[in-house]
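S.K.: Can you keep this structure in mind? I'll have questions shortly.
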Amino acid sequence: MKLFLIGATGRTGQEVVQQALARDHHVTAFVRSPENIRLKNERLTVLKGNAMDENELFRAMQNHDAVISTLGPREVFKPSSMLYDSALATTRAMNRSGVKRLVVLSAAAHFPGILNRIASFIMRNHMRDSLAMEAIVQASGLDWTIARPPRLTQEGYTTYRSREDAAPRMGFSLSRKAVAAFMLDAIEQRKHFHKIVGIAK
Ligand SMILES: NC(=O)c1ccc[n+]([C@@H]2O[C@H](COP(=O)([O-])OP(=O)(O)OC[C@H]3O[C@@H](n4cnc5c(N)ncnc54)[C@H](OP(=O)(O)O)[C@@H]3O)[C@@H](O)[C@H]2O)c1
C-alpha cells in the first residue's frame, strides 16, 4: 500500500516508518524537518511541508491508500491547537483528494476513570487539543480509526491488546512499536472503521 504519514520524525512515527517499510509498503513522510529523517529506502519518500496547510497536504497526498497521523506537541504543557489545526487541514485535504482511510493517534486519558481524569487535568492543554482533534476526525465522513494508548514506552515488543470504545483492562502502558503495529494492522486488515480503540500492553 501507499501510506501517507504525518509525524514521521516523532518517536511513534519513526516506528511506523520502519514497520511499514518492513511490511513492504510505500511510505510518504510529510514532515517539517526532512533533515531529521536519516533512514534511506527506495520505498520511502520524504516531503517537506506544513501539517496545518490543507493545500500542501492535498497536493502531497494524491494517490495514497491511507493517512496515518502520529503528531504530538513537543511541549505538552503549552496551550496549542496544533492537533486540531492539522486534523482540520488533513481531513479536508483527504475529502478533496479521495483518500478515505485515516488512522490517528490520541490518548487513553480521554477514557473515563479517576487516573485518566487526573492525567487529563495535568496535561489539560494537550488533552483539550487532542479531544478537539478527535471531534474533527469523527465528523470528517472518512473511514477513520482513533487509537488511544496509555503511557508510551520505548520497549521492544510489538504486541498489544485492543478494545473498541474502551481501554483494555489494567493496561497502563504500551510500547511505541506496538502502537505502530496496531495502526498498520488496522489499515491492512480494514478493522475498526469509525471506532475509538483503546490499546494497551
Ligand atoms: N507520551 C506518552 O506517554 C503518550 C501517551 C498517550 C498518547 N500519546 C500521544 O502520542 C502522540 C505522539 O507521541 P510521540 O511520543 O510519538 O511524539 P513525539 O516523539 O513528541 O513526536 C511528535 C511528532 O509531532 C511532530 N510535530 C510536533 N509539532 C508539530 C508542528 N507544529 N508541525 C508539524 N509537526 C509537528 C514532531 O515533528 P518534529 O520532529 O519536527 O518536532 C514529531 O514528528 C502524542 O500526540 C501524544 O498525545 C503520548
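Each chain in the C-alpha cells gets a letter, A, B and so on, in the order shown; residues start at 1 in every chain, and ligands are counted from 1 in the order they appear.
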I'd like a table as a Markdown table: residues in region 88-201 of chain A with an atom no more than 7 Å from region 4-17 of chain A, each row giving the shortest atom pair and its distance in Å to one decimal, only C-alpha atoms counted, sorted by chain and rising residue number.

M.R.:
```
| residue | atom | partner | partner_atom | distance |
| --- | --- | --- | --- | --- |
| A:Arg176 | CA | A:Thr12 | CA | 5.1 |
| A:Lys177 | CA | A:Glu15 | CA | 5.6 |
| A:Ala180 | CA | A:Val16 | CA | 4.8 |
```

S.K.: Write out as number ranges by chain each polymer residue (protein, DNA or RNA) that has an atom no more than 7 Å from ligand 1, with only C-alpha atoms and all ligand atoms counted.

M.R.: A: 7-13, 31-33, 36, 50-51, 70-74, 82, 105-108, 130, 148-153, 176

S.K.: Calculate how many Å separate CA of Leu21 (chain A) from CA of Trp144 (chain A), rounding to one decimal.

M.R.: 22.0 Å

S.K.: May I have all residues of region 98-139 of chain A that DSSP, computed from the backbone, assigns to strand (DSSP E or B), given as JSON, numbers by chain?

M.R.: {"A": [101, 102, 103, 104, 105]}

S.K.: The selected residues should be written to file as a PDB file, in the first residue's frame (atoms: N, CA, C and O atoms).

M.R.:
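Resulting contents of result29.pdb:
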```pdb
ATOM      1  N   ARG A 101      -9.086   6.529   4.019  1.00  0.00           N
ATOM      2  CA  ARG A 101      -8.719   5.825   5.260  1.00  0.00           C
ATOM      3  C   ARG A 101      -7.781   6.682   6.114  1.00  0.00           C
ATOM      4  O   ARG A 101      -6.708   7.106   5.653  1.00  0.00           O
ATOM      5  N   LEU A 102      -8.164   6.891   7.373  1.00  0.00           N
ATOM      6  CA  LEU A 102      -7.374   7.725   8.292  1.00  0.00           C
ATOM      7  C   LEU A 102      -7.239   7.023   9.640  1.00  0.00           C
ATOM      8  O   LEU A 102      -8.240   6.606  10.234  1.00  0.00           O
ATOM      9  N   VAL A 103      -6.007   6.888  10.112  1.00  0.00           N
ATOM     10  CA  VAL A 103      -5.761   6.332  11.450  1.00  0.00           C
ATOM     11  C   VAL A 103      -4.931   7.353  12.225  1.00  0.00           C
ATOM     12  O   VAL A 103      -3.845   7.748  11.781  1.00  0.00           O
ATOM     13  N   VAL A 104      -5.460   7.800  13.360  1.00  0.00           N
ATOM     14  CA  VAL A 104      -4.772   8.846  14.128  1.00  0.00           C
ATOM     15  C   VAL A 104      -4.482   8.381  15.553  1.00  0.00           C
ATOM     16  O   VAL A 104      -5.186   7.544  16.115  1.00  0.00           O
ATOM     17  N   LEU A 105      -3.462   8.999  16.108  1.00  0.00           N
ATOM     18  CA  LEU A 105      -3.030   8.680  17.464  1.00  0.00           C
ATOM     19  C   LEU A 105      -3.606   9.703  18.440  1.00  0.00           C
ATOM     20  O   LEU A 105      -3.431  10.910  18.258  1.00  0.00           O
TER      21      LEU A 105
END
```

S.K.: Write out as number ranges by chain the residues lying within 10 Å of Leu142 (chain A), counting only C-alpha atoms and excluding same-chain residues fewer than 3 positions away.

M.R.: A: 91-92, 94-95, 98-102, 137-139, 145, 193-194

S.K.: Point out the residue among A:Asp129, A:Glu134, A:Asp24, A:Asp185 with the least atom-to-atom distance to Ser81 (chain A), counting only C-alpha atoms.

M.R.: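 Closest candidate: A:Asp129.
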
S.K.: Would you pick out the contacts of Phe182 (chain A) at 9 Å or less, using only C-alpha atoms, so that residues sharing its chain but fewer than 2 positions from it are not included, and give the list as a PDB file with N, CA, C and O atoms, in the first residue's frame?

M.R.:
```pdb
ATOM      1  N   ALA A 147      -6.794   5.777  17.690  1.00  0.00           N
ATOM      2  CA  ALA A 147      -6.102   4.881  18.630  1.00  0.00           C
ATOM      3  C   ALA A 147      -5.802   5.639  19.918  1.00  0.00           C
ATOM      4  O   ALA A 147      -5.219   6.722  19.885  1.00  0.00           O
ATOM      5  N   THR A 158       5.965  -5.714  19.984  1.00  0.00           N
ATOM      6  CA  THR A 158       5.001  -5.122  19.031  1.00  0.00           C
ATOM      7  C   THR A 158       3.579  -5.656  19.250  1.00  0.00           C
ATOM      8  O   THR A 158       2.685  -5.382  18.447  1.00  0.00           O
ATOM      9  N   THR A 159       3.379  -6.433  20.312  1.00  0.00           N
ATOM     10  CA  THR A 159       2.042  -6.975  20.567  1.00  0.00           C
ATOM     11  C   THR A 159       1.230  -5.984  21.401  1.00  0.00           C
ATOM     12  O   THR A 159       1.792  -5.150  22.115  1.00  0.00           O
ATOM     13  N   TYR A 160      -0.073  -6.103  21.305  1.00  0.00           N
ATOM     14  CA  TYR A 160      -0.954  -5.180  22.034  1.00  0.00           C
ATOM     15  C   TYR A 160      -2.299  -5.840  22.265  1.00  0.00           C
ATOM     16  O   TYR A 160      -2.653  -6.806  21.601  1.00  0.00           O
ATOM     17  N   SER A 162      -6.401  -4.736  22.283  1.00  0.00           N
ATOM     18  CA  SER A 162      -7.228  -3.627  21.820  1.00  0.00           C
ATOM     19  C   SER A 162      -8.685  -3.873  22.192  1.00  0.00           C
ATOM     20  O   SER A 162      -9.118  -5.020  22.345  1.00  0.00           O
ATOM     21  N   LYS A 177       6.426   0.866  19.513  1.00  0.00           N
ATOM     22  CA  LYS A 177       6.459  -0.152  18.448  1.00  0.00           C
ATOM     23  C   LYS A 177       5.088  -0.829  18.319  1.00  0.00           C
ATOM     24  O   LYS A 177       4.621  -1.106  17.208  1.00  0.00           O
ATOM     25  N   ALA A 178       4.452  -1.119  19.444  1.00  0.00           N
ATOM     26  CA  ALA A 178       3.142  -1.778  19.412  1.00  0.00           C
ATOM     27  C   ALA A 178       2.064  -0.826  18.878  1.00  0.00           C
ATOM     28  O   ALA A 178       1.143  -1.259  18.180  1.00  0.00           O
ATOM     29  N   VAL A 179       2.181   0.455  19.205  1.00  0.00           N
ATOM     30  CA  VAL A 179       1.237   1.440  18.644  1.00  0.00           C
ATOM     31  C   VAL A 179       1.332   1.433  17.119  1.00  0.00           C
ATOM     32  O   VAL A 179       0.326   1.387  16.406  1.00  0.00           O
ATOM     33  N   ALA A 180       2.568   1.444  16.636  1.00  0.00           N
ATOM     34  CA  ALA A 180       2.776   1.427  15.174  1.00  0.00           C
ATOM     35  C   ALA A 180       2.188   0.159  14.571  1.00  0.00           C
ATOM     36  O   ALA A 180       1.519   0.212  13.521  1.00  0.00           O
ATOM     37  N   LEU A 184      -0.856   0.027  11.689  1.00  0.00           N
ATOM     38  CA  LEU A 184      -0.684  -0.649  10.398  1.00  0.00           C
ATOM     39  C   LEU A 184      -1.648  -1.828  10.271  1.00  0.00           C
ATOM     40  O   LEU A 184      -2.225  -2.056   9.197  1.00  0.00           O
ATOM     41  N   ASP A 185      -1.834  -2.578  11.347  1.00  0.00           N
ATOM     42  CA  ASP A 185      -2.793  -3.692  11.318  1.00  0.00           C
ATOM     43  C   ASP A 185      -4.198  -3.181  10.983  1.00  0.00           C
ATOM     44  O   ASP A 185      -4.929  -3.800  10.203  1.00  0.00           O
ATOM     45  N   ALA A 186      -4.586  -2.068  11.592  1.00  0.00           N
ATOM     46  CA  ALA A 186      -5.931  -1.530  11.362  1.00  0.00           C
ATOM     47  C   ALA A 186      -6.133  -1.207   9.883  1.00  0.00           C
ATOM     48  O   ALA A 186      -7.212  -1.435   9.322  1.00  0.00           O
ATOM     49  N   ILE A 187      -5.084  -0.695   9.249  1.00  0.00           N
ATOM     50  CA  ILE A 187      -5.183  -0.363   7.821  1.00  0.00           C
ATOM     51  C   ILE A 187      -5.180  -1.633   6.973  1.00  0.00           C
ATOM     52  O   ILE A 187      -6.055  -1.836   6.129  1.00  0.00           O
ATOM     53  N   ILE A 199      -5.948   0.835  23.261  1.00  0.00           N
ATOM     54  CA  ILE A 199      -4.894  -0.164  23.060  1.00  0.00           C
ATOM     55  C   ILE A 199      -3.941  -0.103  24.249  1.00  0.00           C
ATOM     56  O   ILE A 199      -3.715   0.966  24.820  1.00  0.00           O
TER      57      ILE A 199
END
```

S.K.: Just want the 12 Å neighbourhood of Arg96 (chain A), counted on only C-alpha atoms, with same-chain residues fewer than 3 positions away dropped. Output as a PyMOL selection string.

M.R.: chain A and resi 54-55+57-59+61-63+89-93+99-100+140-142

S.K.: Can you work out the spacing between CA of Ala200 (chain A) and CA of Ala167 (chain A) in Å, to one decimal?

M.R.: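 According to the coordinates, CA of Ala200 (chain A) and CA of Ala167 (chain A) are separated by 7.5 Å.
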
S.K.: Considering only helix (DSSP H, G or I) as DSSP defines it on the backbone, what residues of region 5-198 of chain A qualify? List them as a ChimeraX atom specification.

M.R.: /A:11-22,34-36,54-60,82-97,108-110,114-122,124-138,176-188

S.K.: What does the structure give for the distance between CA of Glu75 (chain A) and CA of Met170 (chain A), in Å to one decimal?

M.R.: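 Computing it gives 27.8 Å between the two atoms.
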
S.K.: Select, from A:Ala181, A:Met52, A:Ala22, A:Ala166, the residue with the minimum atom-to-atom distance to Gly113 (chain A), counting only C-alpha atoms.

M.R.: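 Closest to Gly113 (chain A) of all the choices is A:Ala166.
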
S.K.: For Ile196 (chain A), find every residue with an atom within 6 Å (counting only C-alpha atoms), except residues of its own chain fewer than 2 positions away, and show them as a PyMOL selection string.

M.R.: chain A and resi 146+164-165
